[in-house]
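Here's the structure we're looking at; comments come further down.
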Amino acid sequence: MEYVFTDDCLIGVDEIDDEHRELFRLVGEVQALLDEGDMEDRYDEICVLIERLKEYAQEHFRHEEAYMESIGHPELDMQRQQHALFCCKVNEADILSTGSNKREMIEDLLSYLVKWLYQHIIGSDLLIGKLVSMEEWKEKEEYDFSEQYLTGIELIDDEHRELFRILHDIHDLIANDRSADKHTKVVDALENLHKYMQGHFRDEEQYMESIGHEGLEVHRLAHDVFSTRLELMHLNSESLADEDELEEFVQFLFEWLDTHILQMDRNLGKRQAGN
Ligand SMILES: [Fe+2]
Ligand SMILES: [Fe+2]
Ligand SMILES: [Fe+2]
C-alpha cells in the first residue's frame with residue numbers, strides 16, 4: 001500500500017483533513033529514511049521521527065474527539081476506543097530493541113500504521129462531518145436514490161438503487177413495525193442487506209479490475225471495513241433489540257452509502273468517461 005493521502009480520505013473538516021495529511025506525510029518520511037539504505041546510520045533519526053509521529057497522532061485524536069464532542073457525534077465512544085487501541089499498538093512496538101531485525105520491525109510498524117490510517121479514516125472519520133445527533137436525524141428527510149448518485153455504469157447504478165430500496169424497507173420496519181416477531185424480521189432484513197452488499201461489492205471490484213482502476217486497493221479496503229461493521233452489528237443481537245441503537249445504525253448505513261457512492265463509486269464512471 002502506498003503512503004499517500006488521497007482525496008478518498010477527505011472528510012470535509014479542514015483542521016482534521018490537514019492533520020490526517022500530516023500523519024501520512026510523517027509515515028512517508030520514516031519510509032524515505034528507511035529506503036535511503038544504511039539502517040544503522042539512520043536509526044536514531046528514525047526513532048525520533050516515530051516518537052514524533054506517536055505524539056502527533058495522540059494530539060490529533062484529542063482534537064478529533066473534541067470536535068466530535070462539540071457536534072454531538074454519535075460515534076464518539078467507538079472512535080475513542082479505536083484511537084486508544086491504535087495508541088496501545090504503537091506504544092507496544094519495541095523499536096528500541098537491539099535485535100538484528102530492526103528494519104523488519106520498523107517496516108511492520110509502518111505497514112500497520114498506514115493500513116490503520118486508511119481503514120480508520122475511510123471507515124470512521126469520513127462520517128464525522130456526516131452523522132448528526134439522533135434528534136436531528138429523526139427530523140431529516142429520508143434519503144432517496146437520486147441523480148446525484150449516478151455513476152453512469154448501469155449495473156452499479158441498478159445495484160445502488162436496490163440498496164437504497166432495501167435500506168428504506170429496513171428503516172420502515174424499525175420505525176413502524178409493532179409485531180411480536182419484529183426482532184426476527186430485523187435480523188432477516190439485515191442479513192439480506194449484508195448478502196446484497198457482498199454481491200454488490202464483488203461486482204464493483206470486478207468492474208474495477210476489468211478497467212484497471214488505480215484506486216482499487218483503497219476502494220476494496222473501504223468495502224471491507226464496511227462489511228466488518230455490518231457483521232459486528234449482526235453478532236451483537238443486544239443492540240438489535242434496542243430501538244435507538246437500531247435507528248443509529250440505520251443512519252450510519254444511509255450516510256455510509258451516501259458518502260461512499262459520492263466520494264468513491266462515482267469516480268469509477270468518471271474514469272470510464274476518460275477523465
Ligand atoms: Fe478518528
Ligand atoms: Fe464501492
Ligand atoms: Fe457501490
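Scheme for the C-alpha cells: letters A, B, ... for chains in order shown; per-chain residue numbers from 1; ligand numbers from 1 in order shown.
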**Request:** Could you give me, as a list of chain:residue names, the residues within 7 Å of A:Leu131, counting only C-alpha atoms and dropping anything in the same chain fewer than 3 positions from it?
**Result:** A:His73, A:Leu127, A:Ile128, A:Glu255
Atoms to include: C-alpha atoms. Write the selected residues as a PDB file, in the first residue's frame.
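Saved the output as part_21.pdb:
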```
ATOM      1  CA  HIS A  73     -21.444  12.960  17.061  1.00  0.00           C
ATOM      2  CA  LEU A 127     -18.608  10.033   8.727  1.00  0.00           C
ATOM      3  CA  ILE A 128     -17.556  12.745  11.164  1.00  0.00           C
ATOM      4  CA  GLU A 255     -24.752   8.058   5.476  1.00  0.00           C
TER       5      GLU A 255
END
```
**Request:** Within 7 Å of ligand 2, which residues show up when you count only C-alpha atoms and all ligand atoms? List them as a ChimeraX atom specification, please.
**Result:** /A:201,204,219,223,260-261,264-265
**Request:** Extract, using only C-alpha atoms, all DNA, RNA and protein residues at most 12 Å from A:Ile46, discarding same-chain residues fewer than 6 positions from it, and format them as a list in words.
**Result:** Leu26, Val27, Gly28, Glu29, Val30, Gln31, Ala32, Leu33, Leu34, Asp35, Glu36, Asp38, Met39, Glu40, Arg52, Leu53, Ile95, Leu96, Lys102, Arg103, Ile106, Glu107 and Leu110 of chain A
Atoms kept (N, CA and C atoms) for selection, written as an mmCIF file, in the first residue's frame:
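The new file out.cif reads:
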```
data_model
loop_
_atom_site.group_PDB
_atom_site.id
_atom_site.type_symbol
_atom_site.label_atom_id
_atom_site.label_comp_id
_atom_site.auth_asym_id
_atom_site.auth_seq_id
_atom_site.Cartn_x
_atom_site.Cartn_y
_atom_site.Cartn_z
ATOM 1 N N LEU A 26 4.258 12.144 7.725
ATOM 2 C CA LEU A 26 5.234 11.639 8.688
ATOM 3 C C LEU A 26 5.565 10.166 8.429
ATOM 4 N N VAL A 27 4.543 9.369 8.126
ATOM 5 C CA VAL A 27 4.794 7.959 7.815
ATOM 6 C C VAL A 27 5.699 7.874 6.576
ATOM 7 N N GLY A 28 5.403 8.687 5.582
ATOM 8 C CA GLY A 28 6.207 8.709 4.348
ATOM 9 C C GLY A 28 7.643 9.103 4.621
ATOM 10 N N GLU A 29 7.815 10.023 5.579
ATOM 11 C CA GLU A 29 9.167 10.486 5.901
ATOM 12 C C GLU A 29 9.991 9.354 6.525
ATOM 13 N N VAL A 30 9.358 8.600 7.415
ATOM 14 C CA VAL A 30 10.068 7.460 8.018
ATOM 15 C C VAL A 30 10.436 6.456 6.922
ATOM 16 N N GLN A 31 9.474 6.189 6.037
ATOM 17 C CA GLN A 31 9.734 5.237 4.956
ATOM 18 C C GLN A 31 10.902 5.702 4.087
ATOM 19 N N ALA A 32 10.952 6.999 3.812
ATOM 20 C CA ALA A 32 12.027 7.530 2.965
ATOM 21 C C ALA A 32 13.384 7.308 3.624
ATOM 22 N N LEU A 33 13.446 7.509 4.949
ATOM 23 C CA LEU A 33 14.703 7.281 5.661
ATOM 24 C C LEU A 33 15.110 5.808 5.584
ATOM 25 N N LEU A 34 14.129 4.944 5.724
ATOM 26 C CA LEU A 34 14.408 3.504 5.633
ATOM 27 C C LEU A 34 14.967 3.162 4.255
ATOM 28 N N ASP A 35 14.374 3.780 3.251
ATOM 29 C CA ASP A 35 14.762 3.471 1.866
ATOM 30 C C ASP A 35 16.155 3.988 1.522
ATOM 31 N N GLU A 36 16.630 4.940 2.321
ATOM 32 C CA GLU A 36 17.926 5.539 1.995
ATOM 33 C C GLU A 36 19.082 4.580 2.154
ATOM 34 N N ASP A 38 21.554 2.511 4.531
ATOM 35 C CA ASP A 38 22.160 2.010 5.763
ATOM 36 C C ASP A 38 21.351 2.351 7.003
ATOM 37 N N MET A 39 20.806 1.311 7.565
ATOM 38 C CA MET A 39 19.879 1.412 8.670
ATOM 39 C C MET A 39 20.570 1.948 9.934
ATOM 40 N N GLU A 40 21.805 1.494 10.201
ATOM 41 C CA GLU A 40 22.474 1.863 11.455
ATOM 42 C C GLU A 40 22.663 3.370 11.562
ATOM 43 N N ARG A 52 7.808 11.317 17.184
ATOM 44 C CA ARG A 52 7.028 12.488 16.799
ATOM 45 C C ARG A 52 5.676 12.084 16.213
ATOM 46 N N LEU A 53 5.740 11.042 15.430
ATOM 47 C CA LEU A 53 4.515 10.517 14.823
ATOM 48 C C LEU A 53 3.507 10.107 15.902
ATOM 49 N N ILE A 95 10.666 -0.534 19.176
ATOM 50 C CA ILE A 95 11.633 -0.217 18.121
ATOM 51 C C ILE A 95 13.044 -0.017 18.657
ATOM 52 N N LEU A 96 13.143 0.110 19.991
ATOM 53 C CA LEU A 96 14.492 0.329 20.531
ATOM 54 C C LEU A 96 15.212 -0.995 20.829
ATOM 55 N N LYS A 102 15.740 -4.969 13.282
ATOM 56 C CA LYS A 102 15.167 -3.638 13.462
ATOM 57 C C LYS A 102 14.399 -3.175 12.220
ATOM 58 N N ARG A 103 15.039 -3.368 11.067
ATOM 59 C CA ARG A 103 14.410 -2.896 9.832
ATOM 60 C C ARG A 103 13.033 -3.543 9.642
ATOM 61 N N ILE A 106 10.484 -2.051 12.000
ATOM 62 C CA ILE A 106 10.001 -0.720 11.620
ATOM 63 C C ILE A 106 9.108 -0.826 10.387
ATOM 64 N N GLU A 107 9.500 -1.700 9.468
ATOM 65 C CA GLU A 107 8.658 -1.865 8.283
ATOM 66 C C GLU A 107 7.275 -2.410 8.654
ATOM 67 N N LEU A 110 5.300 0.415 10.156
ATOM 68 C CA LEU A 110 4.816 1.349 9.136
ATOM 69 C C LEU A 110 3.630 0.792 8.369
#
```
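Distance annotation: of A:Glu69, A:Asp203, A:Glu209, A:Glu245, the residue with the minimal separation from ligand 3 is A:Asp203; atom set is only C-alpha atoms and all ligand atoms.
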Rows by chain and residue number, chain A within 9 Å of ligand 1, shortest pair, only C-alpha atoms and all ligand atoms, as CSV:
```
residue,atom,partner,partner_atom_place_in_ligand_line,distance
A:His60,CA,ligand 1,1 (Fe),8.4
A:Phe61,CA,ligand 1,1 (Fe),6.3
A:Glu64,CA,ligand 1,1 (Fe),6.3
A:Glu65,CA,ligand 1,1 (Fe),7.5
A:Leu76,CA,ligand 1,1 (Fe),8.9
A:Gln79,CA,ligand 1,1 (Fe),5.7
A:Arg80,CA,ligand 1,1 (Fe),7.7
A:Gln82,CA,ligand 1,1 (Fe),7.5
A:His83,CA,ligand 1,1 (Fe),6.5
A:Leu117,CA,ligand 1,1 (Fe),8.7
A:His120,CA,ligand 1,1 (Fe),6.3
A:Ile121,CA,ligand 1,1 (Fe),6.4
A:Ser124,CA,ligand 1,1 (Fe),6.5
A:Asp125,CA,ligand 1,1 (Fe),5.1
A:Leu126,CA,ligand 1,1 (Fe),8.8
A:Ile128,CA,ligand 1,1 (Fe),8.4
```
**Request:** Throw together the list of residues within 12 Å of ligand 3, counting only C-alpha atoms and all ligand atoms, and drop it here as a PyMOL selection string.
**Result:** chain A and resi 149-151+153-164+196-208+219-220+222-223+226+256-269
**d(atom CA of A:Asp8, atom CA of A:Tyr118) in Å** = 9.4 Å
**Message:** For a quick check of understanding, using only C-alpha atoms, which of A:Leu232, A:Leu253, A:Val48, A:Ala180 has the smallest distance to A:Ile166?
**Reply:** A:Leu253
**Between atom CA of A:Asp188 and atom CA of A:Arg165, distance in Å (one decimal)** = 15.4 Å
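Between atom CA of A:Gly215 and atom CA of A:Asp7 the separation is 10.6 Å.
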**Asked** Which neighbours of A:Glu243 fall inside 10 Å, counting only C-alpha atoms, when residues of the same chain fewer than 4 positions from it are skipped, and could you give them as an MDAnalysis selection string?
**Response** chainID A and resid 174:175 239 247:249
